[in-house]
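As structure tokens, the structure follows; a few thoughts come after it.
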Amino acid sequence: MSFREFEYADGKSFKFWKIELQDCDVVTQYGRIGSAGQETRKNFASPEKAQKEYDKLVAEKLGKGYFEKSTNAAPAAPAAAPSAAAKDAKAPAGNAGAPAGVREFEYADGKSFKFWKVELKGTIVTTQYGRIGSAGQETEKDFGTPEKAQKEYDKLVAEKLGKGYVEKSAGGAAPANSAASAAPAKGAASSSSGELSPMFFSTTRSGHFEPLSTFIGERVTGFRAKKLPKGKSVVRVRVSYDDEYDDDDDGDFGERLRAFLASDAALETRGLILGAYDLEGGCSGGGKYDEIVKCKDRLPNLKALFLGDIVQEECEISWIHQSDVSGMLQAFPQLEMLRIRGVDGLAISDPQHSRLRALAIESGGLPVSVISQIFRGKFPELEYLELWLGTPDYNGDCRVNDLQPLLKGTLFPKLKYLGLRNAEIVDDIAAVIVTSPIVDQLEILDLSLGNLSDVGGNALLHLESKTNLKRLDLHHHYITKALQKKLKQLPFPVDLNDAKVVGEDEDDEFAGRFISVSE
Amino acid sequence: MASNSSSAAEELILSGKAPDGFQVDGKLNLAGKSKLKKLPAGLSCYELNASRTSLESLPENLSVECALELEGCSNLKSLPANLKVGTLNIANCTSITALPEGLNVWFLNVSGCTRLTSFPRRAEIARGNLNVNGCQALLALPDYLTELGTLDIGNCPQLTSLPPRLHVSSWIEIAGSGLTELPKQLQHVGIRWRGVLIDQITAFSPDKLNAKTVLAERNAERRRVMIERMGFERFMGDAGARQLDNDRDPGGPRSLLRVAMKGDEDIVCLSVNCPSTGRHYLLRVPPTMKTCRQAAAWIAGFDDEKLYKPIKET
């Protein structure tokens, strides 16, 4: 008999899901946490078929971001092996101890937090995958000959690298021994000491925003005044359209934020996400986030801050109002990560922070005034810099030569990741960045979400000699197939997903090439 | 020394009261201040825009970190030696005859400096973009140019060769230059003709172009450049085009031309001039078109020409 229990929580939901296999029956139970929920029972022709359905449903829930509640309960039979493997992941990094043909990868962004493991044994390729901390799923395929199996193995590995998975044992950018990455989901809070893994810095892969469900490797808990989060360290405060269906009204954004700051939850919070604060009048009226500066003593453990986890249905990115964030930088000297979405009104008048390791600004048009404030600032620990340059139509007035102070490579000596994303000038950037000293210090160069064409793509072929690079991210681009092939020959993985084609009727080569996010 | 805020600093400089060694934290925007003739000695800032001012020279020890914009300073005669800045833009500074020794820049725009004849003997101009478009008196580019992102030598008729060790990552603009071929190491560089990417044949051997190749090109801008390079008359003759109709529109005379194709449907094109740019285009229309009006209506998306009543064509 198999039994597993899962939970899911974000700003919208707070629910459980249980599944039990009883011979030929699959019994599921689900509902809001704390309630009895509903039960369904489904009968199958054979125990094998029931087992198959059971596995399928569990995989589905894991894929949706459910966390397994009780990690002590014996997982279903097929998953037993990966469970052990997941624990083994805590073993010291390095290929030496691993069996030949085993490679393990991890991937994290705002939506996902998962591992993928592949093993080659003779003619058989075995893969394991799932949410980090969970047992995951296992698939096994026999290819008849070792050669064919090897080929498949290589193909799968290349595919994962291209998608941005980071090899666990590779060191460098990979968070080889991040506590959170190997800890079971329930014990995520145990990682509350130590630095953030660089794997968590990147949260927003696509321009189609969704509310974050994970942040710094932990699930996001929506703050509710009448149901204080306990033992959670990543909290989001916002108002959302779903509120009107809720019985307990927590008041407006300011009231919620004050209630959160007054609660014990604030004291434990490592990651704070501030979302929409006014759904009536767009997101106008800046300074709503500044409350946290006044109450900085209530957030002694704050390491990561996301200002404006706001999706398009709530507010267009160009309407999201921000303010001068210098006060926040000053108020939280232990902050390691700051991500900002929306740049209307944004300034960094006193750009300095002695601990900040990751700075990301998402926009449809980033004014050059903000960019030069960053370049003139002092961020000696910065490892990760992500700037969405956008389009001049939305105040993205940065030209490639405005980036020269950064490209010189002397501003941020620890920089390992540079993202110049969602940029209409990405072709111009490509022309110059390939010979810029900064590339020599980078592990990841991210030019994704822009309107990169063959003009810039051709220039990027000059990165051939940059063997320090571990990854080039170009996803969302307008590069032709022939050139994509050449770029894939570069000595590091190149993400060429989400290829766009200029409309068939468009004859003008500069018409119809759009960046991912503008308005 | 105390740093000064931008707008107050701008006032002070314009009033002539800024002290020597004046430091400004950030950007100084003095663009268009036609009375500005002088900057304080030892001025230091992150960015300086003094475009379209009456500056004749710059102080010797000027220090600009990121960008120095001096576009259209027609009185500007010289720049300080050993000037080091990320971006130097002196486009249309028509009094400039020489660049300073020891110049160190990534991005250099000297386009329209019609009296500029040569580059300094010793300088570092590398990694960024070099624009010398319209430097009609410029005789050669210096040999120390080795690495550039893009290069614009358009309208430099006297430039007939490129430096031997030069690599350009992205593209070279060549329209109106004296260049007749690309050196070996630049065989894979993009070639631009007034902003349009073209191939080597169109660029350097337009005599080898024929109507068939031109008509096979899908990009209308590139087709336009190819016809321009080939010569419209030669193109029409080569294509064996027959005129089906002609009239006038706001761009001037226009005509509907048909080229018979072996084993394929006829190519019918509307030959028009753009009323705004004066550029000549051949726009392909369905072979069933009989008149210029009908073809123009079809291009605008009207199957019935009677419904096509443009208020204004631009």
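Going through the structure tokens in order, the chains are called A, B, and so on, while each chain numbers its residues from 1 and the ligands are numbered from 1 in the order shown.
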
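Neighbours of A:Glu362 closer than or equal to 9 Å, with only C-alpha atoms counted and sequence neighbours fewer than 2 positions away skipped, come out as Thr204, Ile317, Arg339, Ile340, Arg341, Gly342, Val343, Ala360, Gly364, Gly365, Leu366, Glu386, Leu387, Trp388, Leu389, Gly390, Arg421 and Asn422 of chain A.
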
Could you dump the residues just selected with N, CA and C atoms as a PDB file, in the first residue's frame?
```pdb
ATOM      1  N   THR A 204      13.193  35.053 -13.228  1.00  0.00           N
ATOM      2  CA  THR A 204      12.218  35.390 -14.253  1.00  0.00           C
ATOM      3  C   THR A 204      12.751  35.001 -15.619  1.00  0.00           C
ATOM      4  N   ILE A 317       3.682  46.502 -16.877  1.00  0.00           N
ATOM      5  CA  ILE A 317       4.991  46.749 -16.260  1.00  0.00           C
ATOM      6  C   ILE A 317       5.359  48.239 -16.309  1.00  0.00           C
ATOM      7  N   ARG A 339      15.662  42.422  -6.304  1.00  0.00           N
ATOM      8  CA  ARG A 339      15.057  42.357  -7.634  1.00  0.00           C
ATOM      9  C   ARG A 339      13.911  43.351  -7.680  1.00  0.00           C
ATOM     10  N   ILE A 340      13.860  44.103  -8.768  1.00  0.00           N
ATOM     11  CA  ILE A 340      12.852  45.144  -8.910  1.00  0.00           C
ATOM     12  C   ILE A 340      12.144  44.957 -10.240  1.00  0.00           C
ATOM     13  N   ARG A 341      10.814  44.979 -10.225  1.00  0.00           N
ATOM     14  CA  ARG A 341      10.074  44.951 -11.493  1.00  0.00           C
ATOM     15  C   ARG A 341       9.357  46.277 -11.662  1.00  0.00           C
ATOM     16  N   GLY A 342       9.616  46.929 -12.802  1.00  0.00           N
ATOM     17  CA  GLY A 342       9.007  48.223 -13.060  1.00  0.00           C
ATOM     18  C   GLY A 342       9.954  49.343 -12.668  1.00  0.00           C
ATOM     19  N   VAL A 343      10.038  50.379 -13.498  1.00  0.00           N
ATOM     20  CA  VAL A 343      11.046  51.402 -13.228  1.00  0.00           C
ATOM     21  C   VAL A 343      10.495  52.815 -13.216  1.00  0.00           C
ATOM     22  N   ALA A 360      18.805  42.920  -9.843  1.00  0.00           N
ATOM     23  CA  ALA A 360      18.071  42.686 -11.081  1.00  0.00           C
ATOM     24  C   ALA A 360      16.981  43.729 -11.222  1.00  0.00           C
ATOM     25  N   GLY A 364      10.293  47.408 -19.171  1.00  0.00           N
ATOM     26  CA  GLY A 364      10.075  47.498 -20.604  1.00  0.00           C
ATOM     27  C   GLY A 364      10.923  48.591 -21.219  1.00  0.00           C
ATOM     28  N   GLY A 365      11.558  49.384 -20.373  1.00  0.00           N
ATOM     29  CA  GLY A 365      12.427  50.454 -20.833  1.00  0.00           C
ATOM     30  C   GLY A 365      13.158  51.036 -19.644  1.00  0.00           C
ATOM     31  N   LEU A 366      14.446  50.752 -19.550  1.00  0.00           N
ATOM     32  CA  LEU A 366      15.226  51.176 -18.381  1.00  0.00           C
ATOM     33  C   LEU A 366      15.957  52.481 -18.719  1.00  0.00           C
ATOM     34  N   GLU A 386      21.428  41.856 -13.586  1.00  0.00           N
ATOM     35  CA  GLU A 386      20.446  41.602 -14.638  1.00  0.00           C
ATOM     36  C   GLU A 386      19.686  42.889 -14.925  1.00  0.00           C
ATOM     37  N   LEU A 387      19.853  43.425 -16.131  1.00  0.00           N
ATOM     38  CA  LEU A 387      19.176  44.667 -16.505  1.00  0.00           C
ATOM     39  C   LEU A 387      18.327  44.429 -17.743  1.00  0.00           C
ATOM     40  N   TRP A 388      17.045  44.764 -17.622  1.00  0.00           N
ATOM     41  CA  TRP A 388      16.151  44.663 -18.781  1.00  0.00           C
ATOM     42  C   TRP A 388      16.122  46.039 -19.440  1.00  0.00           C
ATOM     43  N   LEU A 389      16.801  46.162 -20.573  1.00  0.00           N
ATOM     44  CA  LEU A 389      16.984  47.492 -21.170  1.00  0.00           C
ATOM     45  C   LEU A 389      15.734  48.001 -21.874  1.00  0.00           C
ATOM     46  N   GLY A 390      14.950  47.090 -22.466  1.00  0.00           N
ATOM     47  CA  GLY A 390      13.685  47.504 -23.051  1.00  0.00           C
ATOM     48  C   GLY A 390      13.832  48.276 -24.354  1.00  0.00           C
ATOM     49  N   ARG A 421      18.996  41.973 -20.809  1.00  0.00           N
ATOM     50  CA  ARG A 421      17.861  41.236 -21.348  1.00  0.00           C
ATOM     51  C   ARG A 421      16.798  42.164 -21.918  1.00  0.00           C
ATOM     52  N   ASN A 422      15.896  41.554 -22.689  1.00  0.00           N
ATOM     53  CA  ASN A 422      14.733  42.287 -23.179  1.00  0.00           C
ATOM     54  C   ASN A 422      15.173  43.584 -23.871  1.00  0.00           C
TER      55      ASN A 422
END
```

Q: Per DSSP on the backbone, filter stretch 103-169 of chain A down to the residues in strand (DSSP E or B) and report them as JSON, numbers by chain.
A: {"A": [103, 104, 105, 106, 107, 108, 113, 114, 115, 116, 117, 118, 119, 120, 121, 124, 125, 126, 127, 128, 129, 130, 131, 137, 138, 139, 140, 141, 142, 166, 167]}

Q: Can you pull out every residue within 8 Å of stretch 312-314 of chain A, counting only C-alpha atoms, but drop anything in the same chain fewer than 2 positions away, and send it as a ChimeraX atom specification?
A: /A:208-209,240-241,276,279,282,310,316-317

Using only C-alpha atoms, determine which residues lie at most 6 Å from A:Thr127, disregarding the query and same-chain residues fewer than 6 positions distant; provide the list as a compact mmCIF listing (two decimals) with N, CA and C atoms, in the first residue's frame.
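The new file selection18.txt reads:
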```txt
# COMPACT_ATOMS: atom_id res chain seq x y z
N LYS A 117 18.67 13.99 -13.14
CA LYS A 117 19.84 13.14 -12.99
C LYS A 117 19.79 12.12 -14.10
N VAL A 118 20.92 11.86 -14.70
CA VAL A 118 20.93 10.88 -15.78
C VAL A 118 22.06 9.89 -15.55
N GLU A 138 11.32 8.38 -11.92
CA GLU A 138 12.40 7.71 -12.62
C GLU A 138 11.88 7.15 -13.93
N THR A 139 12.67 7.31 -14.98
CA THR A 139 12.34 6.64 -16.24
C THR A 139 13.56 5.86 -16.69
```

Q) If we count only C-alpha atoms, which residues of chain B reach to within 7 Å of chain A? Please list them as number ranges by chain. A) B: 66, 86-87, 107, 127-128, 149-150, 169-170, 218-221

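Atom pair atom CA of B:Asp247 / atom CA of B:Thr291: separated by 8.9 Å.
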
Q.
Need to verify the contact set: B:Asn29, 9 Å, only C-alpha atoms, exclusion of same-chain residues closer than 2 positions in sequence. Can you return it as a ChimeraX atom specification?
A. /B:6-7,10,27,31,47-51

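Of the listed residues (A:Lys488, A:Arg471, A:Arg270, A:Lys61), A:Arg270 comes nearest to A:Lys303; the distances count only C-alpha atoms.
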
Q.
Report as a list in words all protein, DNA and RNA residues lying within 8 Å of A:Met328, evaluated on only C-alpha atoms, omitting residues in the same chain fewer than 4 positions from it.
A. Asp290, Ile292, Val293 and Phe332 of chain A

Could you save the residues just selected, with C-alpha atoms, as an mmCIF file, in the first residue's frame?
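Final output, out.cif:
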```cif
data_model
loop_
_atom_site.group_PDB
_atom_site.id
_atom_site.type_symbol
_atom_site.label_atom_id
_atom_site.label_comp_id
_atom_site.auth_asym_id
_atom_site.auth_seq_id
_atom_site.Cartn_x
_atom_site.Cartn_y
_atom_site.Cartn_z
ATOM 1 C CA ASP A 290 9.071 52.255 1.970
ATOM 2 C CA ILE A 292 9.772 48.335 5.437
ATOM 3 C CA VAL A 293 12.586 50.857 5.791
ATOM 4 C CA PHE A 332 19.329 46.276 5.136
#
```

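The space separating atom CA of A:Lys414 from atom CA of A:Glu336 comes to 13.5 Å.
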
Q.
Using only C-alpha atoms, can you tell me which of B:Leu179, B:Ile227, B:Leu186, B:Cys269 comes closest to B:Thr202?
A. B:Ile227

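Taking atom CA of B:Glu60 and atom CA of B:Ser111 as endpoints, the distance between them is 23.7 Å.
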